[in-house]
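Trainee: Contents of entry-v9.cif (mmCIF, C-alpha atoms and all ligand atoms) are given next:
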data_protein
loop_
_atom_site.label_atom_id
_atom_site.label_comp_id
_atom_site.auth_asym_id
_atom_site.auth_seq_id
_atom_site.Cartn_x
_atom_site.Cartn_y
_atom_site.Cartn_z
CA MET O 1 -20.34 -61.94 -23.85
CA THR O 2 -17.33 -59.98 -22.56
CA SER O 3 -17.54 -58.46 -19.09
CA TRP O 4 -15.98 -55.00 -19.30
CA ASN O 5 -14.06 -53.33 -16.48
CA GLY O 6 -14.80 -49.66 -15.89
CA ALA O 7 -14.13 -46.78 -13.51
CA ILE O 8 -16.16 -43.67 -12.68
CA VAL O 9 -14.51 -40.27 -12.43
CA GLY O 10 -16.64 -37.68 -10.60
CA CYS O 11 -18.85 -38.74 -7.68
CA GLY O 12 -21.16 -35.73 -7.34
CA PHE O 13 -24.90 -35.08 -7.83
CA PHE O 14 -25.51 -37.12 -11.01
CA ALA O 15 -22.97 -39.94 -10.52
CA HIS O 16 -25.27 -42.09 -8.39
CA ASN O 17 -27.46 -42.56 -11.47
CA HIS O 18 -24.43 -43.85 -13.40
CA LEU O 19 -23.44 -46.10 -10.51
CA HIS O 20 -26.94 -47.59 -10.21
CA GLY O 21 -27.13 -47.87 -14.01
CA TRP O 22 -23.89 -49.85 -14.31
CA GLY O 23 -25.20 -51.97 -11.44
CA GLU O 24 -28.27 -52.87 -13.55
CA LEU O 25 -25.86 -54.06 -16.24
CA LYS O 26 -23.64 -56.05 -13.88
CA GLU O 27 -23.82 -59.16 -16.07
CA ARG O 28 -21.92 -57.18 -18.71
CA CYS O 29 -19.58 -54.87 -16.78
CA ALA O 30 -18.06 -54.15 -13.37
CA ILE O 31 -17.07 -50.79 -11.90
CA ARG O 32 -13.65 -51.49 -10.33
CA ALA O 33 -12.79 -48.02 -9.07
CA VAL O 34 -14.13 -44.53 -8.40
CA CYS O 35 -12.21 -41.27 -8.50
CA ASP O 36 -13.03 -37.76 -7.28
CA ILE O 37 -10.74 -34.90 -6.34
CA ASP O 38 -12.91 -34.77 -3.21
CA GLY O 39 -11.76 -37.96 -1.48
CA GLY O 40 -14.80 -37.99 0.83
CA LYS O 41 -17.21 -38.15 -2.12
CA ALA O 42 -15.17 -40.91 -3.79
CA GLN O 43 -15.11 -42.96 -0.59
CA ALA O 44 -18.85 -42.45 0.01
CA ALA O 45 -19.62 -43.70 -3.53
CA ALA O 46 -17.30 -46.69 -3.08
CA ASP O 47 -18.95 -47.57 0.26
CA ALA O 48 -22.49 -47.19 -1.08
CA PHE O 49 -21.87 -49.32 -4.17
CA GLY O 50 -19.28 -51.82 -2.87
CA ILE O 51 -16.51 -50.61 -5.18
CA PRO O 52 -13.04 -51.85 -4.19
CA ASN O 53 -10.68 -49.04 -5.23
CA VAL O 54 -10.77 -45.29 -4.54
CA TYR O 55 -8.66 -42.51 -6.12
CA THR O 56 -8.44 -38.73 -5.99
CA ASN O 57 -6.37 -38.36 -9.15
CA ILE O 58 -7.12 -39.74 -12.62
CA GLU O 59 -3.46 -40.32 -13.51
CA GLU O 60 -3.07 -42.58 -10.49
CA LEU O 61 -6.31 -44.37 -11.36
CA LEU O 62 -5.16 -45.01 -14.93
CA ALA O 63 -1.67 -46.09 -13.83
CA ARG O 64 -2.91 -48.63 -11.28
CA GLU O 65 -6.10 -50.09 -12.77
CA THR O 66 -6.52 -52.25 -15.86
CA LEU O 67 -9.60 -50.70 -17.43
CA ASP O 68 -11.66 -51.21 -20.57
CA PHE O 69 -13.39 -47.87 -20.11
CA VAL O 70 -13.63 -44.76 -17.98
CA ASP O 71 -16.96 -42.99 -17.36
CA ILE O 72 -16.46 -39.26 -16.68
CA VAL O 73 -19.28 -37.65 -14.65
CA THR O 74 -17.60 -34.35 -13.72
CA THR O 75 -18.70 -30.91 -14.89
CA ALA O 76 -17.56 -29.50 -18.25
CA PRO O 77 -14.45 -27.47 -17.27
CA SER O 78 -12.59 -30.67 -16.32
CA HIS O 79 -13.62 -32.78 -19.34
CA ARG O 80 -10.78 -31.95 -21.74
CA ALA O 81 -7.97 -32.79 -19.32
CA LEU O 82 -9.71 -35.96 -18.15
CA VAL O 83 -10.55 -37.26 -21.64
CA GLU O 84 -7.03 -36.46 -22.84
CA ALA O 85 -5.57 -38.40 -19.89
CA CYS O 86 -7.66 -41.42 -20.97
CA ALA O 87 -6.57 -40.94 -24.60
CA ARG O 88 -2.88 -40.98 -23.59
CA ARG O 89 -3.44 -44.38 -21.94
CA GLY O 90 -5.57 -45.65 -24.84
CA VAL O 91 -8.67 -46.15 -22.66
CA ALA O 92 -12.14 -45.94 -24.23
CA THR O 93 -14.14 -43.15 -22.61
CA VAL O 94 -17.68 -42.03 -21.92
CA VAL O 95 -18.04 -38.37 -20.95
CA GLN O 96 -21.11 -36.53 -19.68
CA LYS O 97 -22.61 -33.66 -21.65
CA PRO O 98 -21.76 -30.90 -22.28
CA LEU O 99 -18.53 -32.08 -23.89
CA ALA O 100 -16.71 -28.92 -22.79
CA PRO O 101 -17.38 -25.30 -21.85
CA ASP O 102 -16.63 -24.09 -25.41
CA TRP O 103 -15.98 -25.15 -28.99
CA ALA O 104 -12.17 -24.99 -28.74
CA ASP O 105 -12.01 -27.53 -25.90
CA ALA O 106 -14.78 -29.72 -27.33
CA SER O 107 -13.20 -30.05 -30.78
CA ALA O 108 -9.70 -30.50 -29.29
CA LEU O 109 -10.70 -33.36 -27.00
CA VAL O 110 -12.54 -35.16 -29.81
CA ALA O 111 -9.47 -34.78 -32.07
CA THR O 112 -7.17 -36.12 -29.34
CA MET O 113 -9.28 -39.25 -28.83
CA ASP O 114 -9.56 -39.68 -32.64
CA ARG O 115 -5.75 -39.66 -32.87
CA ALA O 116 -5.60 -42.25 -30.07
CA GLY O 117 -8.00 -44.38 -32.11
CA ARG O 118 -10.16 -45.29 -29.12
CA PRO O 119 -13.97 -44.97 -28.76
CA LEU O 120 -15.40 -41.80 -27.22
CA MET O 121 -19.11 -41.52 -26.43
CA VAL O 122 -20.89 -38.51 -25.01
CA HIS O 123 -23.43 -39.52 -22.37
CA GLU O 124 -26.22 -37.75 -24.31
CA ASN O 125 -29.13 -39.62 -22.79
CA PHE O 126 -32.21 -37.78 -24.13
CA ARG O 127 -32.20 -39.80 -27.38
CA PHE O 128 -32.40 -42.90 -25.23
CA GLN O 129 -35.51 -41.79 -23.31
CA ALA O 130 -38.24 -44.35 -23.96
CA PRO O 131 -40.93 -41.96 -25.35
CA LEU O 132 -38.49 -39.99 -27.56
CA SER O 133 -36.88 -43.15 -28.84
CA ARG O 134 -40.32 -44.62 -29.71
CA ALA O 135 -41.36 -41.38 -31.46
CA ALA O 136 -38.13 -41.43 -33.51
CA ASP O 137 -38.82 -45.05 -34.51
CA VAL O 138 -42.29 -44.01 -35.72
CA LEU O 139 -40.75 -41.24 -37.86
CA ARG O 140 -38.12 -43.62 -39.28
CA SER O 141 -40.86 -46.13 -40.16
CA GLY O 142 -42.04 -43.60 -42.76
CA VAL O 143 -45.74 -43.52 -41.77
CA ILE O 144 -45.92 -39.71 -41.58
CA GLY O 145 -43.65 -39.18 -44.59
CA GLU O 146 -40.73 -36.75 -44.69
CA ALA O 147 -40.55 -34.41 -41.66
CA VAL O 148 -41.10 -30.80 -42.75
CA TRP O 149 -41.60 -28.96 -39.42
CA GLY O 150 -40.84 -29.71 -35.77
CA GLN O 151 -41.12 -28.23 -32.31
CA PHE O 152 -39.07 -29.63 -29.42
CA SER O 153 -39.89 -28.08 -26.10
CA PHE O 154 -38.55 -28.36 -22.53
CA ARG O 155 -40.13 -25.80 -20.20
CA THR O 156 -40.04 -26.13 -16.45
CA GLY O 157 -39.79 -24.21 -13.19
CA TYR O 158 -38.34 -27.23 -11.32
CA ASP O 159 -35.70 -26.12 -8.83
CA ILE O 160 -32.62 -27.51 -10.56
CA TYR O 161 -30.43 -25.18 -8.43
CA ALA O 162 -31.08 -27.30 -5.33
CA GLY O 163 -29.14 -30.27 -6.72
CA GLN O 164 -26.82 -28.34 -9.04
CA PRO O 165 -26.05 -24.97 -7.36
CA TYR O 166 -23.14 -24.35 -9.80
CA LEU O 167 -25.71 -23.71 -12.55
CA ALA O 168 -26.56 -20.32 -11.01
CA GLU O 169 -22.91 -19.28 -11.46
CA VAL O 170 -22.22 -20.23 -15.09
CA GLU O 171 -22.26 -17.53 -17.74
CA ARG O 172 -23.23 -19.94 -20.52
CA PHE O 173 -26.21 -21.62 -18.91
CA VAL O 174 -29.40 -22.95 -20.43
CA LEU O 175 -28.13 -23.40 -24.00
CA LEU O 176 -25.10 -25.39 -22.83
CA ASP O 177 -26.82 -27.29 -20.01
CA LEU O 178 -30.30 -28.01 -21.40
CA ALA O 179 -30.77 -26.89 -25.01
CA ILE O 180 -27.82 -29.12 -25.90
CA HIS O 181 -30.05 -32.15 -25.16
CA VAL O 182 -33.03 -30.79 -27.06
CA LEU O 183 -30.95 -29.64 -30.06
CA ASP O 184 -29.64 -33.20 -30.20
CA ILE O 185 -33.26 -34.42 -30.36
CA ALA O 186 -33.98 -31.92 -33.15
CA ARG O 187 -31.07 -33.44 -35.13
CA VAL O 188 -32.42 -36.96 -34.56
CA PHE O 189 -35.86 -36.04 -35.95
CA MET O 190 -35.07 -33.37 -38.55
CA GLY O 191 -31.48 -34.04 -39.66
CA GLU O 192 -28.60 -31.56 -39.71
CA ALA O 193 -29.25 -27.82 -39.54
CA GLU O 194 -27.51 -25.35 -41.82
CA THR O 195 -28.89 -22.16 -40.26
CA VAL O 196 -29.51 -21.13 -36.65
CA ALA O 197 -31.30 -18.11 -35.19
CA CYS O 198 -31.58 -17.75 -31.42
CA ARG O 199 -32.89 -15.35 -28.84
CA SER O 200 -32.06 -15.90 -25.18
CA GLN O 201 -33.25 -14.30 -21.95
CA SER O 202 -32.24 -14.23 -18.30
CA VAL O 203 -35.43 -14.37 -16.24
CA ARG O 204 -34.66 -15.65 -12.73
CA PRO O 205 -33.05 -12.98 -10.54
CA GLY O 206 -29.56 -13.71 -9.22
CA ILE O 207 -28.28 -16.08 -11.90
CA LYS O 208 -25.29 -15.25 -14.14
CA GLY O 209 -26.36 -16.82 -17.43
CA GLU O 210 -29.43 -17.13 -19.67
CA ASP O 211 -32.24 -19.39 -18.43
CA MET O 212 -34.60 -19.14 -21.43
CA ALA O 213 -33.77 -19.71 -25.10
CA THR O 214 -35.69 -20.05 -28.35
CA VAL O 215 -33.83 -21.43 -31.35
CA MET O 216 -35.07 -21.66 -34.95
CA LEU O 217 -33.20 -24.21 -37.08
CA GLY O 218 -33.18 -24.36 -40.88
CA HIS O 219 -32.52 -27.96 -41.86
CA ARG O 220 -30.96 -29.36 -45.00
CA GLY O 221 -33.69 -30.03 -47.52
CA GLY O 222 -35.89 -27.16 -46.32
CA ALA O 223 -37.46 -28.35 -43.05
CA THR O 224 -37.74 -25.90 -40.13
CA SER O 225 -37.77 -26.58 -36.41
CA ILE O 226 -38.06 -24.71 -33.14
CA VAL O 227 -36.22 -25.68 -29.96
CA ASP O 228 -37.52 -23.82 -26.90
CA VAL O 229 -36.13 -24.42 -23.44
CA THR O 230 -36.29 -22.80 -20.04
CA TYR O 231 -35.85 -23.38 -16.33
CA ALA O 232 -37.99 -20.29 -15.63
CA SER O 233 -41.52 -21.40 -16.57
CA ARG O 234 -43.80 -21.47 -13.54
CA GLN O 235 -46.61 -23.90 -14.28
CA THR O 236 -48.79 -26.46 -12.50
CA PRO O 237 -48.44 -29.33 -12.99
CA ASP O 238 -44.81 -28.95 -13.99
CA PRO O 239 -43.80 -31.41 -16.73
CA PHE O 240 -40.14 -31.71 -15.58
CA PRO O 241 -38.17 -33.49 -17.00
CA GLN O 242 -40.25 -34.20 -20.09
CA THR O 243 -39.39 -33.03 -23.59
CA LEU O 244 -42.59 -32.46 -25.59
CA LEU O 245 -42.64 -32.53 -29.37
CA HIS O 246 -44.73 -32.01 -32.47
CA VAL O 247 -43.45 -33.10 -35.88
CA ASP O 248 -45.39 -32.48 -39.08
CA GLY O 249 -44.61 -34.81 -41.96
CA ARG O 250 -45.84 -34.66 -45.54
CA GLN O 251 -48.52 -37.30 -44.75
CA GLY O 252 -49.21 -36.92 -41.04
CA SER O 253 -47.84 -35.92 -37.66
CA ILE O 254 -46.34 -37.15 -34.41
CA ARG O 255 -47.07 -35.52 -31.06
CA LEU O 256 -45.52 -36.35 -27.71
CA ASP O 257 -47.59 -34.70 -25.01
CA ARG O 258 -47.38 -34.67 -21.22
CA GLU O 259 -47.17 -37.94 -19.33
CA PHE O 260 -45.74 -39.76 -22.35
CA HIS O 261 -48.87 -39.61 -24.53
CA LEU O 262 -47.81 -40.32 -28.10
CA THR O 263 -50.29 -39.52 -30.88
CA VAL O 264 -49.54 -40.48 -34.48
CA THR O 265 -51.71 -39.33 -37.36
CA THR O 266 -51.25 -40.94 -40.77
CA PRO O 267 -53.43 -41.20 -43.89
CA GLU O 268 -54.85 -44.40 -42.31
CA GLY O 269 -56.01 -42.66 -39.11
CA THR O 270 -54.82 -41.74 -35.62
CA THR O 271 -53.24 -44.01 -33.01
CA ARG O 272 -52.56 -43.18 -29.37
CA GLU O 273 -50.28 -44.90 -26.87
CA VAL O 274 -48.57 -44.13 -23.58
CA VAL O 275 -44.81 -44.84 -23.71
CA ALA O 276 -43.74 -44.85 -20.08
CA PRO O 277 -40.11 -45.38 -19.02
CA HIS O 278 -39.13 -48.59 -17.27
CA ALA O 279 -38.96 -48.00 -13.49
CA SER O 280 -36.48 -49.94 -11.31
CA ALA O 281 -36.53 -49.96 -7.51
CA TRP O 282 -33.66 -47.44 -7.15
CA MET O 283 -35.31 -44.80 -9.36
CA SER O 284 -37.36 -41.89 -7.98
CA PRO O 285 -40.74 -40.98 -9.49
CA GLN O 286 -39.49 -37.46 -10.39
CA TRP O 287 -36.39 -38.72 -12.19
CA VAL O 288 -37.41 -42.09 -13.62
CA LEU O 289 -37.53 -40.80 -17.22
CA ILE O 290 -33.92 -39.62 -16.95
CA GLN O 291 -32.70 -42.54 -14.84
CA ASP O 292 -34.14 -45.13 -17.23
CA SER O 293 -32.42 -43.31 -20.12
CA VAL O 294 -29.07 -43.43 -18.26
CA VAL O 295 -29.30 -47.23 -18.23
CA ALA O 296 -30.30 -47.28 -21.92
CA THR O 297 -27.33 -45.04 -22.80
CA GLN O 298 -24.97 -47.30 -20.85
CA ARG O 299 -26.45 -50.39 -22.55
CA HIS O 300 -25.76 -48.77 -25.92
CA TRP O 301 -22.13 -48.17 -24.88
CA LEU O 302 -21.69 -51.85 -23.92
CA ASP O 303 -23.35 -52.96 -27.19
CA CYS O 304 -20.83 -50.79 -29.07
CA LEU O 305 -17.89 -52.21 -27.08
CA ASP O 306 -19.16 -55.77 -27.76
CA GLY O 307 -19.64 -55.18 -31.48
CA GLY O 308 -16.86 -52.67 -32.17
CA ALA O 309 -19.44 -50.18 -33.50
CA GLU O 310 -19.24 -46.38 -33.26
CA PRO O 311 -21.69 -45.09 -30.62
CA ALA O 312 -24.66 -43.10 -31.94
CA THR O 313 -23.57 -40.21 -29.70
CA SER O 314 -19.83 -40.48 -30.41
CA GLY O 315 -17.61 -37.47 -29.80
CA ARG O 316 -17.67 -36.77 -33.54
CA ASP O 317 -21.47 -36.93 -33.69
CA ASN O 318 -21.89 -34.80 -30.59
CA LEU O 319 -19.72 -32.04 -32.06
CA LYS O 320 -22.56 -31.46 -34.55
CA THR O 321 -24.92 -30.84 -31.62
CA PHE O 322 -22.28 -28.73 -29.87
CA ALA O 323 -21.94 -26.65 -33.03
CA LEU O 324 -25.65 -25.77 -32.78
CA VAL O 325 -25.12 -24.55 -29.21
CA GLU O 326 -22.17 -22.40 -30.29
CA ALA O 327 -24.13 -21.04 -33.25
CA SER O 328 -27.04 -20.25 -30.91
CA TYR O 329 -24.74 -18.21 -28.65
CA ARG O 330 -23.35 -16.31 -31.66
CA SER O 331 -26.84 -15.63 -32.98
CA ALA O 332 -28.16 -14.53 -29.57
CA ALA O 333 -25.18 -12.18 -29.14
CA ALA O 334 -26.12 -10.61 -32.47
CA GLY O 335 -29.75 -10.13 -31.41
CA GLY O 336 -31.11 -13.25 -33.12
CA SER O 337 -29.57 -12.98 -36.57
CA LEU O 338 -29.13 -15.99 -38.85
CA VAL O 339 -25.78 -17.79 -38.47
CA THR O 340 -24.19 -20.93 -39.93
CA PRO O 341 -22.98 -23.61 -37.48
CA GLU O 342 -19.29 -24.62 -37.42
CA VAL O 343 -20.12 -28.07 -38.79
CA PHE O 344 -23.32 -29.27 -40.41
N1 LIG E 401 -27.52 -36.15 -18.80
C1 LIG E 401 -28.25 -35.67 -17.80
O1 LIG E 401 -29.44 -35.86 -17.78
C2 LIG E 401 -27.55 -34.89 -16.71
C3 LIG E 401 -28.23 -34.45 -15.57
C4 LIG E 401 -27.49 -33.77 -14.57
C5 LIG E 401 -26.15 -33.52 -14.76
N2 LIG E 401 -25.54 -33.93 -15.93
C6 LIG E 401 -24.13 -33.65 -16.19
O2 LIG E 401 -23.32 -34.44 -15.32
C7 LIG E 401 -22.09 -33.77 -15.08
C8 LIG E 401 -21.83 -33.75 -13.58
O3 LIG E 401 -22.82 -32.95 -13.00
P1 LIG E 401 -23.09 -32.98 -11.42
O4 LIG E 401 -24.32 -32.16 -11.20
O5 LIG E 401 -23.05 -34.38 -10.92
O6 LIG E 401 -21.83 -32.16 -10.89
P2 LIG E 401 -21.23 -32.13 -9.39
O7 LIG E 401 -20.47 -30.87 -9.29
O8 LIG E 401 -22.30 -32.43 -8.40
O9 LIG E 401 -20.24 -33.38 -9.40
C9 LIG E 401 -19.04 -33.38 -10.12
C10 LIG E 401 -17.99 -34.10 -9.31
O10 LIG E 401 -16.78 -34.16 -10.08
C11 LIG E 401 -15.68 -33.94 -9.21
N3 LIG E 401 -14.53 -33.48 -10.02
C12 LIG E 401 -14.36 -32.28 -10.60
N4 LIG E 401 -13.18 -32.25 -11.28
C13 LIG E 401 -12.62 -33.47 -11.13
C14 LIG E 401 -11.41 -34.06 -11.59
N5 LIG E 401 -10.56 -33.38 -12.34
N6 LIG E 401 -11.16 -35.35 -11.25
C15 LIG E 401 -12.02 -36.05 -10.47
N7 LIG E 401 -13.19 -35.53 -10.00
C16 LIG E 401 -13.48 -34.27 -10.32
C17 LIG E 401 -16.17 -32.93 -8.19
O11 LIG E 401 -15.41 -32.97 -7.00
C18 LIG E 401 -17.63 -33.39 -8.00
O12 LIG E 401 -17.76 -34.30 -6.93
C19 LIG E 401 -22.22 -32.38 -15.70
O13 LIG E 401 -21.50 -32.35 -16.93
C20 LIG E 401 -23.72 -32.22 -15.93
O14 LIG E 401 -24.05 -31.41 -17.06
C21 LIG E 401 -26.22 -34.61 -16.87
#
Please express the file's structure as structure tokens.

Mentor:
Amino acid sequence: MTSWNGAIVGCGFFAHNHLHGWGELKERCAIRAVCDIDGGKAQAAADAFGIPNVYTNIEELLARETLDFVDIVTTAPSHRALVEACARRGVATVVQKPLAPDWADASALVATMDRAGRPLMVHENFRFQAPLSRAADVLRSGVIGEAVWGQFSFRTGYDIYAGQPYLAEVERFVLLDLAIHVLDIARVFMGEAETVACRSQSVRPGIKGEDMATVMLGHRGGATSIVDVTYASRQTPDPFPQTLLHVDGRQGSIRLDREFHLTVTTPEGTTREVVAPHASAWMSPQWVLIQDSVVATQRHWLDCLDGGAEPATSGRDNLKTFALVEASYRSAAAGGSLVTPEVF
């Protein structure tokens, strides 16, 4: 098995999960360098994780290091320039979601990496969450028949602003930050959507963007699904960061309820199981579902590098999810009218 050499760009709030995750996969890869425009954050990450080389500029990083991949964990406005720098050097790249702040940047950066002929994967980790991945396997097994209706729901009042204060300042907020994950899940279960209708609301005082959105998708072949997300649902206990789902098939149904309870009803009867994420020592009880999925996403990337396969969440694939976000914004701006996504 090859051992791949990587570097992390962006050493802020979420990067420690990536650093721990790559550490869990140390038999298969090594992080040789970290880079952040804030030199203090880069140095702190290097010290905490024993990483030899520290940079404050990606061009310098790419010029000096011999890398098999770069893992970009900065926020969206910087993604295009950073991915394009990697493309110019022919370095395979993983980039956090959302791909970019808007469709123009997202499609341009995917096209640039396509022209460079190197792999690009979006770190879209929800598909790799243990309970969602198990539920998708059940659907693919065919036991509930063809999916005809779905609901994919992420509602919380968890204080995400404490760790990510920039979210209060962005004009495109919950659709681009959170619905993008759940729309990706809707695609996994229901297939591509050809129509989108969305209403969005801004509930919490003092934020710039929308923090509540309800999207209705019309899928190819006639199925319908609802994606509803919010950071403004006050409830006890709060299910953060769980995505709950209900899928009706022609012969049965799949439900994922709180605390990872998966219920599958088929013509043969009903089965119930609890699909908990795998917890490692570095993970925190509140974040284990996400942290375990970070490792699973990274493992998928290394599998793809080993086998030369296109990642499930490649740049090209993720543009289809991004198109649903863009279509949702267009629909919401028009009061919820039906629109067609850019690609489907
Ligand atoms: N997949 C998930 O579950 C999940 C969860 C949280 C955050 N995220 C995503 O992770 C990304 C990072 O979020 P965060 O909360 O860690 O942000 P953050 O602002 O805390 O950290 C980003 C870091 O990138 C650095 N940076 C910015 N531009 C740079 C550049 N050009 N070169 C080098 N460094 C640069 C900043 O100095 C900062 O330290 C976002 O895209 C966010 O949406 C994903």

Trainee: Please check which protein, DNA or RNA residues sit within 6 Å of ligand LIG 401 (chain E), counting only C-alpha atoms and all ligand atoms, and write them as a list of chain:residue names.

Mentor: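 Sorted by chain and then by number, the residues are O:Val9, O:Gly10, O:Cys11, O:Gly12, O:Phe13, O:Phe14, O:Ala15, O:Cys35, O:Asp36, O:Ile37, O:Asp38, O:Val73, O:Thr74, O:Thr75, O:Ala76, O:Ser78, O:Gln96, O:Lys97, O:Pro98, O:Glu124, O:Asn125, O:Gln164, O:Asp177, O:Ile290.
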
Trainee: Would you write out those residues with C-alpha atoms, as a PDB file, keeping the file's coordinate frame?

Mentor:
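Saved as part33.pdb:
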ATOM      1  CA  VAL O   9     -14.510 -40.270 -12.430  1.00  0.00           C
ATOM      2  CA  GLY O  10     -16.640 -37.680 -10.600  1.00  0.00           C
ATOM      3  CA  CYS O  11     -18.850 -38.740  -7.680  1.00  0.00           C
ATOM      4  CA  GLY O  12     -21.160 -35.730  -7.340  1.00  0.00           C
ATOM      5  CA  PHE O  13     -24.900 -35.080  -7.830  1.00  0.00           C
ATOM      6  CA  PHE O  14     -25.510 -37.120 -11.010  1.00  0.00           C
ATOM      7  CA  ALA O  15     -22.970 -39.940 -10.520  1.00  0.00           C
ATOM      8  CA  CYS O  35     -12.210 -41.270  -8.500  1.00  0.00           C
ATOM      9  CA  ASP O  36     -13.030 -37.760  -7.280  1.00  0.00           C
ATOM     10  CA  ILE O  37     -10.740 -34.900  -6.340  1.00  0.00           C
ATOM     11  CA  ASP O  38     -12.910 -34.770  -3.210  1.00  0.00           C
ATOM     12  CA  VAL O  73     -19.280 -37.650 -14.650  1.00  0.00           C
ATOM     13  CA  THR O  74     -17.600 -34.350 -13.720  1.00  0.00           C
ATOM     14  CA  THR O  75     -18.700 -30.910 -14.890  1.00  0.00           C
ATOM     15  CA  ALA O  76     -17.560 -29.500 -18.250  1.00  0.00           C
ATOM     16  CA  SER O  78     -12.590 -30.670 -16.320  1.00  0.00           C
ATOM     17  CA  GLN O  96     -21.110 -36.530 -19.680  1.00  0.00           C
ATOM     18  CA  LYS O  97     -22.610 -33.660 -21.650  1.00  0.00           C
ATOM     19  CA  PRO O  98     -21.760 -30.900 -22.280  1.00  0.00           C
ATOM     20  CA  GLU O 124     -26.220 -37.750 -24.310  1.00  0.00           C
ATOM     21  CA  ASN O 125     -29.130 -39.620 -22.790  1.00  0.00           C
ATOM     22  CA  GLN O 164     -26.820 -28.340  -9.040  1.00  0.00           C
ATOM     23  CA  ASP O 177     -26.820 -27.290 -20.010  1.00  0.00           C
ATOM     24  CA  ILE O 290     -33.920 -39.620 -16.950  1.00  0.00           C
TER      25      ILE O 290
END

Trainee: So which residues touch His79 (chain O) within 8 Å, counting only C-alpha atoms, skipping near sequence neighbours fewer than 4 positions away, as number ranges by chain?

Mentor: O: 72, 74-75, 83, 95, 99-100

Trainee: May I have the residues at most 10 Å from (-5.6, -50.2, -12.3) in the file's coordinates, counting only C-alpha atoms, as a list in words?

Mentor: Asn5, Gly6, Ala7, Arg32, Ala33, Asn53, Glu60, Leu61, Leu62, Ala63, Arg64, Glu65, Thr66 and Leu67 of chain O

Trainee: Output C-alpha atoms for every residue in the selection just made, as a compact mmCIF listing (two decimals), in the frame of the given file.

Mentor:
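Output file again_23.txt follows:
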# COMPACT_ATOMS: atom_id res chain seq x y z
CA ASN O 5 -14.06 -53.33 -16.48
CA GLY O 6 -14.80 -49.66 -15.89
CA ALA O 7 -14.13 -46.78 -13.51
CA ARG O 32 -13.65 -51.49 -10.33
CA ALA O 33 -12.79 -48.02 -9.07
CA ASN O 53 -10.68 -49.04 -5.23
CA GLU O 60 -3.07 -42.58 -10.49
CA LEU O 61 -6.31 -44.37 -11.36
CA LEU O 62 -5.16 -45.01 -14.93
CA ALA O 63 -1.67 -46.09 -13.83
CA ARG O 64 -2.91 -48.63 -11.28
CA GLU O 65 -6.10 -50.09 -12.77
CA THR O 66 -6.52 -52.25 -15.86
CA LEU O 67 -9.60 -50.70 -17.43

Trainee: Could you make a table, as JSON lines, of the residues of region 291-327 of chain O that have an atom within 12 Å of an atom of region 217-232 of chain O, each with its nearest atom pair and distance in Å to one decimal, counting all atoms listed in the file, in chain and number order?

Mentor:
{"residue": "O:Thr321", "atom": "CA", "partner": "O:Leu217", "partner_atom": "CA", "distance": 11.9}
{"residue": "O:Leu324", "atom": "CA", "partner": "O:Leu217", "partner_atom": "CA", "distance": 8.8}
{"residue": "O:Val325", "atom": "CA", "partner": "O:Val227", "partner_atom": "CA", "distance": 11.2}
{"residue": "O:Ala327", "atom": "CA", "partner": "O:Leu217", "partner_atom": "CA", "distance": 10.3}

Trainee: Please produce a file of the residues just selected, as a PDB file, in the frame of the given file, where the atoms kept are C-alpha atoms.

Mentor:
ATOM      1  CA  THR O 321     -24.920 -30.840 -31.620  1.00  0.00           C
ATOM      2  CA  LEU O 324     -25.650 -25.770 -32.780  1.00  0.00           C
ATOM      3  CA  VAL O 325     -25.120 -24.550 -29.210  1.00  0.00           C
ATOM      4  CA  ALA O 327     -24.130 -21.040 -33.250  1.00  0.00           C
TER       5      ALA O 327
END

Trainee: For each of O:Ala46, O:Ala162, O:Leu319, O:Ala281, take the minimum atom-to-atom distance to Arg187 (chain O), counting all atoms listed in the file, then give the residue where this is smallest.

Mentor: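 Residue with the minimum atom-to-atom distance to Arg187 (chain O): O:Leu319.
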
Trainee: Taking a cut-off of 10 Å and counting all atoms listed in the file, can you build a table that, for each residue of region 98-183 of chain O near region 260-275 of chain O, reports the nearest atom pair and how far apart they are in Å (one decimal), sorted by chain then residue number, as a tab-separated table?

Mentor:
residue	atom	partner	partner_atom	distance
O:Gln129	CA	O:Val275	CA	9.8
O:Ala130	CA	O:Val275	CA	6.6
O:Pro131	CA	O:Val275	CA	5.1
O:Leu132	CA	O:Val275	CA	8.8
O:Ser133	CA	O:Val275	CA	9.6
O:Arg134	CA	O:Val275	CA	7.5
O:Ala135	CA	O:Leu262	CA	7.3
O:Val138	CA	O:Val264	CA	8.2
O:Leu139	CA	O:Val264	CA	9.4
O:Gly142	CA	O:Thr266	CA	9.8
O:Val143	CA	O:Thr266	CA	6.2
O:Ile144	CA	O:Thr266	CA	5.5
O:Gly145	CA	O:Thr266	CA	8.7

Trainee: Work out how far CA of Arg80 (chain O) is from CA of Asp102 (chain O), in Å to one decimal.

Mentor: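 Interatomic distance here is 10.5 Å.
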
Trainee: Would you please work out which residue, of O:Ala334, O:Ala48, O:Pro119, O:Asp71, is nearest to Cys304 (chain O) when using all atoms listed in the file?

Mentor: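 Nearest to Cys304 (chain O): O:Pro119.
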
Trainee: Point out the residue among O:His300, O:Lys208, O:Arg155, O:His16 with the least atom-to-atom distance to Leu244 (chain O), counting all atoms listed in the file.

Mentor: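 Closest candidate: O:Arg155.
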
Trainee: At most 7 Å is the cut-off: for each residue in region 120-167 of chain O with any atom that close to an atom of region 313-318 of chain O, write down the nearest atom pair and the distance in Å rounded to one decimal, counting all atoms listed in the file, chain first then increasing number, as JSON lines.

Mentor:
{"residue": "O:Leu120", "atom": "CA", "partner": "O:Gly315", "partner_atom": "CA", "distance": 5.5}
{"residue": "O:Met121", "atom": "CA", "partner": "O:Ser314", "partner_atom": "CA", "distance": 4.2}
{"residue": "O:Val122", "atom": "CA", "partner": "O:Thr313", "partner_atom": "CA", "distance": 5.7}
{"residue": "O:Glu124", "atom": "CA", "partner": "O:Thr313", "partner_atom": "CA", "distance": 6.5}
